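query_29.txt (compact mmCIF, C-alpha atoms)
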```txt
# COMPACT_ATOMS: atom_id res chain seq x y z
CA MET A 1 0.00 0.00 0.00
CA GLY A 2 2.79 2.41 0.92
CA SER A 3 4.69 1.77 -2.33
CA GLU A 4 1.53 2.38 -4.35
CA ILE A 5 0.99 5.71 -2.63
CA ARG A 6 4.61 6.73 -3.26
CA THR A 7 4.30 5.78 -6.93
CA ALA A 8 1.08 7.76 -7.26
CA ARG A 9 2.69 10.81 -5.66
CA ARG A 10 5.66 10.61 -8.01
CA ILE A 11 3.43 10.34 -11.07
CA TRP A 12 1.33 13.25 -9.84
CA SER A 13 4.46 15.35 -9.20
CA PHE A 14 5.72 14.61 -12.72
CA VAL A 15 2.39 15.60 -14.29
CA SER A 16 2.11 18.63 -12.02
CA GLY A 17 5.58 19.81 -13.02
CA ALA A 18 4.63 19.62 -16.71
CA LEU A 19 1.34 21.43 -16.13
CA LEU A 20 3.13 24.05 -14.05
CA TYR A 21 5.56 24.96 -16.82
CA LEU A 22 2.88 25.05 -19.51
CA SER A 23 0.65 27.18 -17.29
CA ALA A 24 3.57 29.52 -16.60
CA LEU A 25 4.16 29.98 -20.34
CA GLY A 26 0.48 30.72 -20.89
CA LEU A 27 0.45 33.23 -18.05
CA ALA A 28 3.62 34.89 -19.32
CA HIS A 29 2.15 35.20 -22.81
CA SER A 30 -0.97 36.78 -21.33
CA LEU A 31 1.00 39.18 -19.12
CA ALA A 32 3.14 40.31 -22.04
CA GLY A 33 0.08 41.92 -23.61
CA GLN A 34 -1.14 43.72 -20.49
CA GLY A 35 -1.51 47.46 -20.78
CA TRP A 36 0.47 48.31 -17.66
CA LEU A 37 3.50 46.46 -18.99
CA LEU A 38 3.18 48.14 -22.35
CA SER A 39 2.97 51.55 -20.69
CA LEU A 40 5.99 50.66 -18.58
CA GLN A 41 8.00 50.17 -21.75
CA HIS A 42 7.60 53.84 -22.60
CA LEU A 43 9.16 54.73 -19.27
CA THR A 44 12.19 52.50 -19.78
CA GLY A 45 13.36 53.53 -23.23
CA GLY A 46 10.56 52.56 -25.60
CA PRO A 47 9.02 49.27 -26.74
CA GLY A 48 12.01 48.23 -28.83
CA SER A 49 14.79 49.00 -26.38
CA SER A 50 16.77 46.29 -24.68
CA THR A 51 16.23 47.91 -21.28
CA SER A 52 12.44 47.86 -21.58
CA GLN A 53 12.45 44.23 -22.72
CA LEU A 54 14.71 43.26 -19.81
CA VAL A 55 12.54 45.07 -17.27
CA GLN A 56 9.39 43.45 -18.66
CA ALA A 57 11.02 40.02 -18.68
CA LEU A 58 12.18 40.42 -15.06
CA LEU A 59 8.73 41.51 -13.88
CA ILE A 60 7.03 38.60 -15.61
CA ALA A 61 9.64 36.17 -14.28
CA ALA A 62 9.11 37.48 -10.73
CA LEU A 63 5.36 36.94 -10.99
CA LEU A 64 5.89 33.47 -12.41
CA TYR A 65 8.31 32.63 -9.62
CA GLY A 66 5.73 33.45 -6.95
CA MET A 67 3.00 31.46 -8.67
CA ALA A 68 5.30 28.52 -9.40
CA TRP A 69 6.67 28.43 -5.84
CA VAL A 70 3.22 28.01 -4.30
CA TRP A 71 2.25 25.42 -6.92
CA ALA A 72 5.48 23.47 -6.50
CA PHE A 73 5.36 23.57 -2.70
CA PHE A 74 1.95 21.92 -2.55
CA THR A 75 3.13 19.42 -5.16
CA VAL A 76 6.44 18.23 -3.71
CA ARG A 77 5.84 18.55 0.04
CA PRO A 78 5.78 15.25 1.94
CA GLN A 79 2.39 13.95 3.01
CA ARG A 80 2.03 12.83 6.62
CA GLY A 81 1.50 9.12 6.89
CA HIS A 82 2.72 8.50 3.35
CA SER A 83 5.95 9.32 1.54
CA ARG A 84 8.32 11.23 3.78
CA ARG A 85 10.54 12.76 1.09
CA PRO A 86 9.80 15.72 -1.20
CA THR A 87 9.19 14.69 -4.82
CA THR A 88 11.24 17.57 -6.22
CA ALA A 89 13.10 15.48 -8.78
CA TRP A 90 9.88 14.16 -10.28
CA CYS A 91 8.42 17.64 -10.53
CA LEU A 92 11.59 18.82 -12.27
CA GLY A 93 11.34 15.87 -14.65
CA GLY A 94 7.83 16.89 -15.64
CA MET A 95 8.96 20.47 -16.14
CA GLY A 96 11.84 19.29 -18.31
CA LEU A 97 9.50 17.31 -20.54
CA ALA A 98 7.15 20.29 -20.88
CA TRP A 99 10.10 22.57 -21.69
CA LEU A 100 11.21 20.20 -24.43
CA LEU A 101 7.72 20.01 -25.91
CA ALA A 102 7.38 23.81 -25.82
CA LEU A 103 10.77 24.15 -27.50
CA LEU A 104 9.79 21.72 -30.26
CA ALA A 105 6.50 23.55 -30.75
CA GLY A 106 8.40 26.82 -31.01
CA VAL A 107 10.79 25.38 -33.58
CA LEU A 108 7.86 24.13 -35.66
CA GLU A 109 6.20 27.52 -35.45
CA VAL A 110 9.38 29.28 -36.57
CA SER A 111 9.86 26.88 -39.47
CA SER A 112 6.25 27.36 -40.57
CA ARG A 113 6.55 31.12 -40.78
CA ALA A 114 7.43 32.84 -44.00
CA GLY A 115 11.05 33.64 -44.76
CA GLY A 116 12.60 36.70 -43.27
CA TYR A 117 11.61 35.93 -39.68
CA GLN A 118 14.63 37.21 -37.81
CA PRO A 119 13.86 38.33 -34.26
CA SER A 120 16.47 40.27 -32.37
CA LEU A 121 18.69 38.40 -29.97
CA THR A 122 17.20 40.31 -27.04
CA GLY A 123 13.66 39.49 -28.11
CA LEU A 124 14.58 35.86 -28.72
CA LEU A 125 15.99 35.49 -25.20
CA LEU A 126 13.60 37.68 -23.22
CA SER A 127 10.24 37.99 -24.97
CA SER A 128 7.50 35.67 -23.74
CA THR A 129 5.81 35.77 -27.16
CA VAL A 130 8.81 34.94 -29.36
CA PRO A 131 9.42 31.27 -30.23
CA PRO A 132 11.16 28.95 -29.72
CA LEU A 133 12.39 29.93 -26.22
CA TRP A 134 9.24 31.80 -25.14
CA GLY A 135 11.28 33.88 -22.73
CA SER A 136 14.30 32.16 -21.26
CA LEU A 137 13.86 33.88 -17.90
CA ASN A 138 10.43 32.28 -17.54
CA GLY A 139 11.94 28.81 -17.56
CA VAL A 140 14.64 29.89 -15.12
CA ALA A 141 12.01 31.34 -12.78
CA VAL A 142 9.98 28.11 -12.76
CA LEU A 143 13.11 26.01 -12.28
CA LEU A 144 14.29 28.08 -9.32
CA ALA A 145 10.80 28.04 -7.82
CA ILE A 146 10.64 24.23 -7.89
CA LEU A 147 14.13 23.89 -6.41
CA SER A 148 13.39 26.45 -3.69
CA ALA A 149 10.06 24.85 -2.82
CA GLY A 150 11.74 21.45 -2.65
CA ARG A 151 14.48 22.74 -0.35
CA TRP A 152 11.90 24.44 1.88
CA SER A 153 9.85 21.24 2.05
CA ALA A 154 12.94 19.24 2.97
CA ARG A 155 13.79 21.79 5.65
CA LEU A 156 10.30 21.58 7.14
CA ARG A 157 10.58 17.79 7.07
CA ARG A 158 13.86 17.90 9.00
CA GLN A 159 12.40 20.28 11.55
CA ARG A 160 9.34 18.09 11.99
CA LYS A 161 11.54 15.02 12.47
CA ALA A 162 13.67 16.87 15.02
CA ARG A 163 10.58 17.95 16.97
CA GLN A 164 9.18 14.42 16.85
CA SER A 165 12.48 12.97 18.01
CA GLN A 166 12.66 15.49 20.86
CA LEU A 167 9.09 14.72 21.86
CA ASN A 168 9.77 10.97 21.81
CA SER A 169 12.86 11.52 23.93
CA GLN A 170 10.91 13.57 26.46
CA LEU A 171 8.15 10.96 26.63
CA SER A 172 10.70 8.19 27.07
CA SER A 173 12.46 10.11 29.85
CA GLN A 174 9.13 10.78 31.55
CA LEU A 175 8.17 7.11 31.37
CA ASP A 176 11.52 6.04 32.79
CA SER A 177 11.18 8.58 35.58
CA ASP A 178 7.67 7.37 36.42
CA LEU A 179 8.79 3.74 36.44
CA ASP A 180 11.74 4.53 38.70
CA SER A 181 9.47 6.47 41.04
CA ASP A 182 6.97 3.63 41.22
CA LEU A 183 9.74 1.12 41.82
CA ASP A 184 11.27 3.21 44.60
CA SER A 185 7.87 3.60 46.25
CA GLU A 186 7.33 -0.14 46.10
CA LEU A 187 10.73 -0.87 47.59
CA ASP A 188 10.20 1.67 50.38
CA SER A 189 6.83 0.21 51.33
CA ARG A 190 8.08 -3.37 51.69
CA PRO A 191 10.33 -2.79 54.78
CA GLN A 192 7.54 -0.88 56.45
CA ARG A 193 5.14 -3.78 55.97
CA GLY A 194 7.81 -6.11 57.36
CA LEU A 195 8.31 -3.97 60.45
CA ALA A 196 4.60 -3.79 61.03
CA ALA A 197 4.28 -7.57 60.85
CA ALA A 198 7.11 -8.20 63.36
CA PRO A 199 5.35 -6.79 66.46
CA ALA A 200 2.27 -8.72 65.52
CA ARG A 201 4.22 -11.96 65.55
CA GLN A 202 5.85 -11.07 68.90
CA ALA A 203 2.50 -10.32 70.46
CA ALA A 204 1.21 -13.65 69.31
```

Show how you would write the structure in this file as structure tokens.
Amino acid sequence: MGSEIRTARRIWSFVSGALLYLSALGLAHSLAGQGWLLSLQHLTGGPGSSTSQLVQALLIAALLYGMAWVWAFFTVRPQRGHSRRPTTAWCLGGMGLAWLLALLAGVLEVSSRAGGYQPSLTGLLLSSTVPPLWGSLNGVAVLLAILSAGRWSARLRRQRKARQSQLNSQLSSQLDSDLDSDLDSELDSRPQRGLAAAPARQAA
């Protein structure tokens, strides 16, 4: 039963990692067309400047990191009573598969476009709407979010184990103390019963 639960959690983490990356790309594509980001470009050098594209890419990546961290944390965290280790590696595996599929889809889209499609290097690396990378910082943000969530889950697991071990030690010490106290009380009462019986025998 335990192995089946662990296998199910690993499969779910793999699928969740793939869905997380694809959802992040969709969200990034949607955010890239938001009016407030477009207006921000005018404040950072214009829509075509490298500075404005970098600022937009960093803002989108920061938003994706927050979303991905929460998603990944609830995916990889250990479940009480079941698997005790975070499933970070499986979540990363699912993300890697989704990244590869998105890259292949981007390559197909580029090859299907008419000749003369030559995006700038900055747009190719940073833009969330330019295939085949779809914004390299987006993938980095999701990757770091999964790793950070996995490390945090492992840290919480270690703290929980330390608290449980400390509690077990305290309970064991308390039980030993109670047993010693009961034993001492029993040993102290036996001589008293013997002394009380001696005068009774003498009187008889």

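The spacing separating CA of Gly26 (chain A) from CA of Val55 (chain A) amounts to 19.1 Å.
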
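Counting only C-alpha atoms, the residue from A:Leu133, A:Leu92, A:Leu43, A:Val140 that sits nearest to Leu108 (chain A) is A:Leu133.
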
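Excluding Ile11 (chain A) itself and any same-chain residue fewer than 6 positions from it, the protein and nucleic acid residues within 10 Å of it, counting all atoms listed in the file, are Ile5, Gly17, Thr87, Trp90, Cys91 and Gly94 of chain A.
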
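Candidate residues A:Leu54, A:Ala62, A:Met95, A:Leu137 were compared for distance to Ala18 (chain A), and the nearest is A:Met95, using only C-alpha atoms.
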
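Shortest atom-to-atom contact with Tyr65 (chain A) among A:Ser52, A:Asn138, A:Gln159, A:Ser153: A:Asn138, counting all atoms listed in the file.
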
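Counting all atoms listed in the file and comparing A:Leu104, A:Ala162, A:Ala72, A:Leu126, the residue that lies closest to Leu19 (chain A) is A:Ala72.
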
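Note that the spacing between CA of Ser111 (chain A) and CA of Leu97 (chain A) amounts to 21.2 Å.
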
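Across the model, the gap from CA of Arg155 (chain A) to CA of Arg85 (chain A) is 10.6 Å.
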
Padded axis-aligned box of region 8-26 of chain A (8 Å per side), centre and edge lengths, Å, one decimal, as JSON:
```
{"center_x": 3.1, "center_y": 19.2, "center_z": -13.3, "size_x": 21.2, "size_y": 39.0, "size_z": 31.2}
```

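The residue that comes closest to Leu25 (chain A), out of A:Gly106, A:Gly66, A:Gly135, A:Pro119 and on the basis of all atoms listed in the file, is A:Gly135.
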